[in-house]
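For reference, the structure discussed in these notes is given below.
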Amino acid sequence: MRRSRSLFLSAAAAVVAAGLALFAVTPANAAATTATFAKVSDWGSGWQGEFRITNGGSTALSPWKIEFTLPSGTTVGAYWDALLTTAGQRFTFTNREYNGSIPPGRTVTFGFVGSGPGSPAGCLLNGVSCTGTVTPTTPPTSTPPTSAPPGATPVARNGQLKVCGRQLCNAQGKAIQLRGMSTHGLQWYANCVNDASLNVLANEWNADVLRISMYIQEGGYETDPAGYTAKVNELIEKATARGLYAIVDWHMLSPGDPNYNLARARTFFQQIAARHKDKTNVLYEIANEPSEVHWSAIKSYADQIIPVIRAQDPDGVVLVGTEDWSSLGASGDGQGVARILANPVSAANIMYTFHFYAASHDDYYLNTFSDAITKLPLFVTEFGTQQASGDGGNNFAMAQRYLDLMKQNKVSWVNWNYSDDMRTGAVFTQGTCDAGAYGGTGRLKEAGVWIRDRIRTPDDF
């Protein structure tokens, strides 16, 4: 909700990746399926390794098992996203309950810490030899998009979204739920949103949507309109390359009246919609968290911005902020839903936004949200398991109640935030983005592990 970067960050530990080796191992009788091993960091006496299992076939790969041998003097310590059994120097990793089925075109990763100088040898994937040609390669200086077969990504499967009744529906008219992550402010944490991290978000976390959070004040868009517009364009292209939906978030906070930035918003959304009008994966969030103004002012703003978007992109879904920091009025007098119902935005393919933070927003907020679901088309474009500041302890039990309600009603959601900010709401530990090691759970905070598990569960498209 109301967030700015602290000027006093603790010193972040840097992980220096040395001697990176990449080995491709392909089962001889399953050409469409690959397992890839990489040492993602090496500190001399030990290293962090990662396996990526990609199903390029036409049916799900379930379950899966990776076996390999390590030389004498090399062993496995901590591991994640798999179960481990050992017999001497033979190590067998099998799937966990949440990642045991790999759909066509998707990737599952697991990782572990190795002690000693050796690397896996004699690899078997589901009992099939993967000891073909093992060729060390020099890793590229940047990580290209990891592509999936046609029809495998969220956008390929769902196409142009639309609002049907109170639901977000795909091109076939099926009500769907998108789940994904929001960036932090691009003026602070753009280094956390790159090819490598987005590959992890799309292919390991199995996310459907990326929210591109561009602050207007606080050193954001108003300081460099051309530069921030170019950055948003770049991230839309990166999301598109990975088959993710992209929410363009006009992240206005203070002043809380969106009309303060009306002229800027007109310029920005005209340029964004004109460039991306032929894409099917762009959604427009036109006012992040309006505050200290009533619904009439928010609607007036929406009535002026939506035609700017529609002149360029007649089909894109538009997300409209609600009263009192997009709480549907729950943080004010509680009449926000009634005011929207009495005077709704008169446009097609629009949804209203709701934001919550589980450690701050209790049953009253949950009940407000539950009631609104029966009356309005809603999209939760931001939530956290912490306090409204994005910090403090996690209330996973309350957050799960919200998620259960959203799953039951197919309300799409985006979690705050995909960065290594020092607050508990940032999924990565400090220093992760400088180190560039995003895979697995070794660099995730408690909230990061929790939300990753919930994004990774199978979609119902």
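As shown in the structure tokens, the chain order sets the letters A, B, ...; within each chain, residues go from 1, and ligands are also counted from 1 in the order they appear.
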
What parts of stretch 148-336 of chain A does DSSP call strand (DSSP E or B)? I'd like the answer as a count of residues only. 32

Closest atom pairs, stretch 344-437 of chain A residues within 10 Å of stretch 295-318 of chain A, only C-alpha atoms, as CSV:
residue,atom,partner,partner_atom,distance
A:Pro344,CA,A:Lys299,CA,7.7
A:Val345,CA,A:Lys299,CA,6.3
A:Ser346,CA,A:Asp303,CA,7.8
A:Ala347,CA,A:Ile306,CA,7.9
A:Ala348,CA,A:Val317,CA,8.4
A:Asn349,CA,A:Val317,CA,5.1
A:Ile350,CA,A:Val318,CA,4.7
A:Met351,CA,A:Val318,CA,6.4
A:Tyr352,CA,A:Val318,CA,8.6

Write the residues of the preceding selection, restricted to C-alpha atoms, as a short mmCIF file (atom, residue, chain, number, x, y, z; two decimals), in the first residue's frame.
data_model
loop_
_atom_site.label_atom_id
_atom_site.label_comp_id
_atom_site.auth_asym_id
_atom_site.auth_seq_id
_atom_site.Cartn_x
_atom_site.Cartn_y
_atom_site.Cartn_z
CA PRO A 344 -20.69 2.48 -11.93
CA VAL A 345 -18.11 3.19 -14.61
CA SER A 346 -19.95 3.10 -17.92
CA ALA A 347 -17.53 1.06 -20.02
CA ALA A 348 -17.09 -2.51 -21.16
CA ASN A 349 -14.30 -4.80 -20.01
CA ILE A 350 -13.56 -3.03 -16.73
CA MET A 351 -12.97 -4.46 -13.27
CA TYR A 352 -12.61 -2.82 -9.86
#

Can you list, as a PyMOL selection string, all residues belonging to stretch 251-321 of chain A that DSSP tags as alpha helix (DSSP H)? chain A and resi 262-276+295-312

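Closest approach to A:Asn126 from the set A:Tyr364, A:Trp450, A:Phe396, A:Phe68 is made by A:Phe68, with distances taken over only C-alpha atoms.
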
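Shell of stretch 175-182 of chain A at 6 Å, with only C-alpha atoms counted and residues fewer than 2 places along the chain excluded, is A:Gln167, A:Leu168, A:Cys169, A:Ala207, A:Asp208, A:Val209, A:Leu210, A:Arg211, A:Lys410, A:Val411, A:Ser412, A:Trp413, A:Val414, A:Asn415, A:Trp416, A:Asn417, A:Tyr418, A:Phe461.
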
Now that the selection is made, can you save its residues with N, CA and C atoms as an mmCIF file, in the first residue's frame?
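For reference, out.cif as written:
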data_model
loop_
_atom_site.group_PDB
_atom_site.id
_atom_site.type_symbol
_atom_site.label_atom_id
_atom_site.label_comp_id
_atom_site.auth_asym_id
_atom_site.auth_seq_id
_atom_site.Cartn_x
_atom_site.Cartn_y
_atom_site.Cartn_z
ATOM 1 N N GLN A 167 -17.048 -11.887 -13.946
ATOM 2 C CA GLN A 167 -15.865 -12.745 -14.039
ATOM 3 C C GLN A 167 -14.873 -12.236 -15.081
ATOM 4 N N LEU A 168 -13.603 -12.570 -14.841
ATOM 5 C CA LEU A 168 -12.585 -12.422 -15.876
ATOM 6 C C LEU A 168 -12.588 -13.701 -16.695
ATOM 7 N N CYS A 169 -12.808 -13.581 -17.997
ATOM 8 C CA CYS A 169 -12.946 -14.754 -18.858
ATOM 9 C C CYS A 169 -11.885 -14.730 -19.945
ATOM 10 N N ALA A 207 3.868 -18.659 -12.896
ATOM 11 C CA ALA A 207 2.977 -17.502 -12.781
ATOM 12 C C ALA A 207 2.234 -17.259 -14.090
ATOM 13 N N ASP A 208 1.118 -16.555 -13.989
ATOM 14 C CA ASP A 208 0.311 -16.199 -15.148
ATOM 15 C C ASP A 208 0.433 -14.729 -15.517
ATOM 16 N N VAL A 209 0.801 -13.881 -14.539
ATOM 17 C CA VAL A 209 0.699 -12.445 -14.750
ATOM 18 C C VAL A 209 1.813 -11.724 -13.997
ATOM 19 N N LEU A 210 2.342 -10.676 -14.617
ATOM 20 C CA LEU A 210 3.314 -9.775 -14.008
ATOM 21 C C LEU A 210 2.695 -8.393 -13.931
ATOM 22 N N ARG A 211 2.671 -7.823 -12.733
ATOM 23 C CA ARG A 211 2.224 -6.441 -12.562
ATOM 24 C C ARG A 211 3.448 -5.533 -12.582
ATOM 25 N N LYS A 410 -13.045 -17.483 -8.366
ATOM 26 C CA LYS A 410 -12.199 -17.171 -9.532
ATOM 27 C C LYS A 410 -11.884 -15.677 -9.622
ATOM 28 N N VAL A 411 -11.411 -15.132 -8.514
ATOM 29 C CA VAL A 411 -10.937 -13.756 -8.501
ATOM 30 C C VAL A 411 -9.419 -13.786 -8.676
ATOM 31 N N SER A 412 -8.926 -13.098 -9.673
ATOM 32 C CA SER A 412 -7.491 -13.094 -9.958
ATOM 33 C C SER A 412 -6.748 -12.260 -8.925
ATOM 34 N N TRP A 413 -5.456 -12.613 -8.707
ATOM 35 C CA TRP A 413 -4.688 -11.889 -7.703
ATOM 36 C C TRP A 413 -3.220 -11.750 -8.073
ATOM 37 N N VAL A 414 -2.616 -10.707 -7.496
ATOM 38 C CA VAL A 414 -1.191 -10.414 -7.664
ATOM 39 C C VAL A 414 -0.616 -10.089 -6.292
ATOM 40 N N ASN A 415 0.504 -10.687 -5.964
ATOM 41 C CA ASN A 415 1.143 -10.490 -4.663
ATOM 42 C C ASN A 415 2.212 -9.401 -4.742
ATOM 43 N N TRP A 416 2.349 -8.659 -3.648
ATOM 44 C CA TRP A 416 3.385 -7.630 -3.499
ATOM 45 C C TRP A 416 4.504 -8.182 -2.629
ATOM 46 N N ASN A 417 5.794 -8.318 -3.036
ATOM 47 C CA ASN A 417 6.353 -7.853 -4.268
ATOM 48 C C ASN A 417 7.573 -8.674 -4.640
ATOM 49 N N TYR A 418 7.918 -8.654 -5.947
ATOM 50 C CA TYR A 418 8.994 -9.472 -6.512
ATOM 51 C C TYR A 418 10.298 -8.668 -6.490
ATOM 52 N N PHE A 461 -7.608 -23.477 -16.443
ATOM 53 C CA PHE A 461 -7.935 -22.671 -17.619
ATOM 54 C C PHE A 461 -8.924 -23.450 -18.484
#

Selection: 6 Å around stretch 240-253 of chain A, only C-alpha atoms, excl. self and same-chain fewer than 2 positions, as a PyMOL selection string: chain A and resi 153-155+208-216+237-238+255-256+281-289

As a compact mmCIF listing (two decimals) with C-alpha atoms, in the first residue's frame, please: the residues near stretch 83-93 of chain A (cut-off 7 Å, only C-alpha atoms, same-chain neighbours under 6 positions excluded).
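Okay, this is what ended up in selection.txt:
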# COMPACT_ATOMS: atom_id res chain seq x y z
CA LYS A 65 12.69 -38.90 -10.33
CA ILE A 66 16.29 -37.82 -10.86
CA GLU A 67 19.17 -40.11 -9.85
CA PHE A 68 22.89 -39.41 -10.05
CA THR A 69 26.23 -40.25 -8.46
CA LEU A 70 28.67 -37.88 -6.80
CA PRO A 71 32.36 -38.77 -6.46
CA SER A 72 33.80 -39.80 -3.13

Atom CA of A:Val320 to atom CA of A:Val380, straight-line distance in Å: 10.9 Å

Which polymer residues have any atom within 7 Å of an atom of stretch 99-106 of chain A, counting only C-alpha atoms, with same-chain residues fewer than 4 positions away left out, as a ChimeraX atom specification? /A:54-64,95,148-149,152,203

Take the residues that were just selected and, keeping C-alpha atoms, output them as a tab-separated table (two decimals), in the first residue's frame.
chain	number	residue	atom	x	y	z
A	54	THR	CA	11.32	-29.50	-18.86
A	55	ASN	CA	8.44	-31.44	-20.37
A	56	GLY	CA	8.30	-30.74	-24.09
A	57	GLY	CA	5.93	-33.63	-24.79
A	58	SER	CA	2.17	-33.62	-25.30
A	59	THR	CA	1.16	-35.25	-22.00
A	60	ALA	CA	1.98	-34.53	-18.38
A	61	LEU	CA	5.18	-35.99	-16.91
A	62	SER	CA	4.13	-37.50	-13.56
A	63	PRO	CA	5.74	-38.38	-11.25
A	64	TRP	CA	9.43	-37.62	-11.78
A	95	ASN	CA	9.02	-34.75	-6.60
A	148	ALA	CA	7.58	-23.05	-24.37
A	149	PRO	CA	5.77	-24.91	-27.15
A	152	ALA	CA	1.58	-23.95	-23.34
A	203	ASN	CA	8.80	-21.33	-15.72

Can you tell me which residues surround A:Arg264 at a distance of at most 9 Å, considering only C-alpha atoms, apart from same-chain residues fewer than 3 positions away, and format the answer as a list of chain:residue names? A:Ile216, A:Tyr221, A:Glu222, A:Pro225, A:Tyr260, A:Asn261, A:Thr267, A:Phe268, A:Phe269

Dump as a JSON list (two decimals), in the first residue's frame, selection limited to C-alpha atoms:
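again.json, freshly written:
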[["chain", "number", "residue", "atom", "x", "y", "z"],
["A", 216, "ILE", "CA", 4.34, 8.44, -10.48],
["A", 221, "TYR", "CA", 7.39, 8.84, -13.80],
["A", 222, "GLU", "CA", 7.12, 12.58, -13.20],
["A", 225, "PRO", "CA", 8.38, 10.39, -18.41],
["A", 260, "TYR", "CA", -3.81, 15.35, -9.80],
["A", 261, "ASN", "CA", -1.95, 13.28, -12.42],
["A", 267, "THR", "CA", -0.04, 10.98, -22.14],
["A", 268, "PHE", "CA", 1.29, 7.75, -20.65],
["A", 269, "PHE", "CA", -1.69, 5.50, -21.41]]
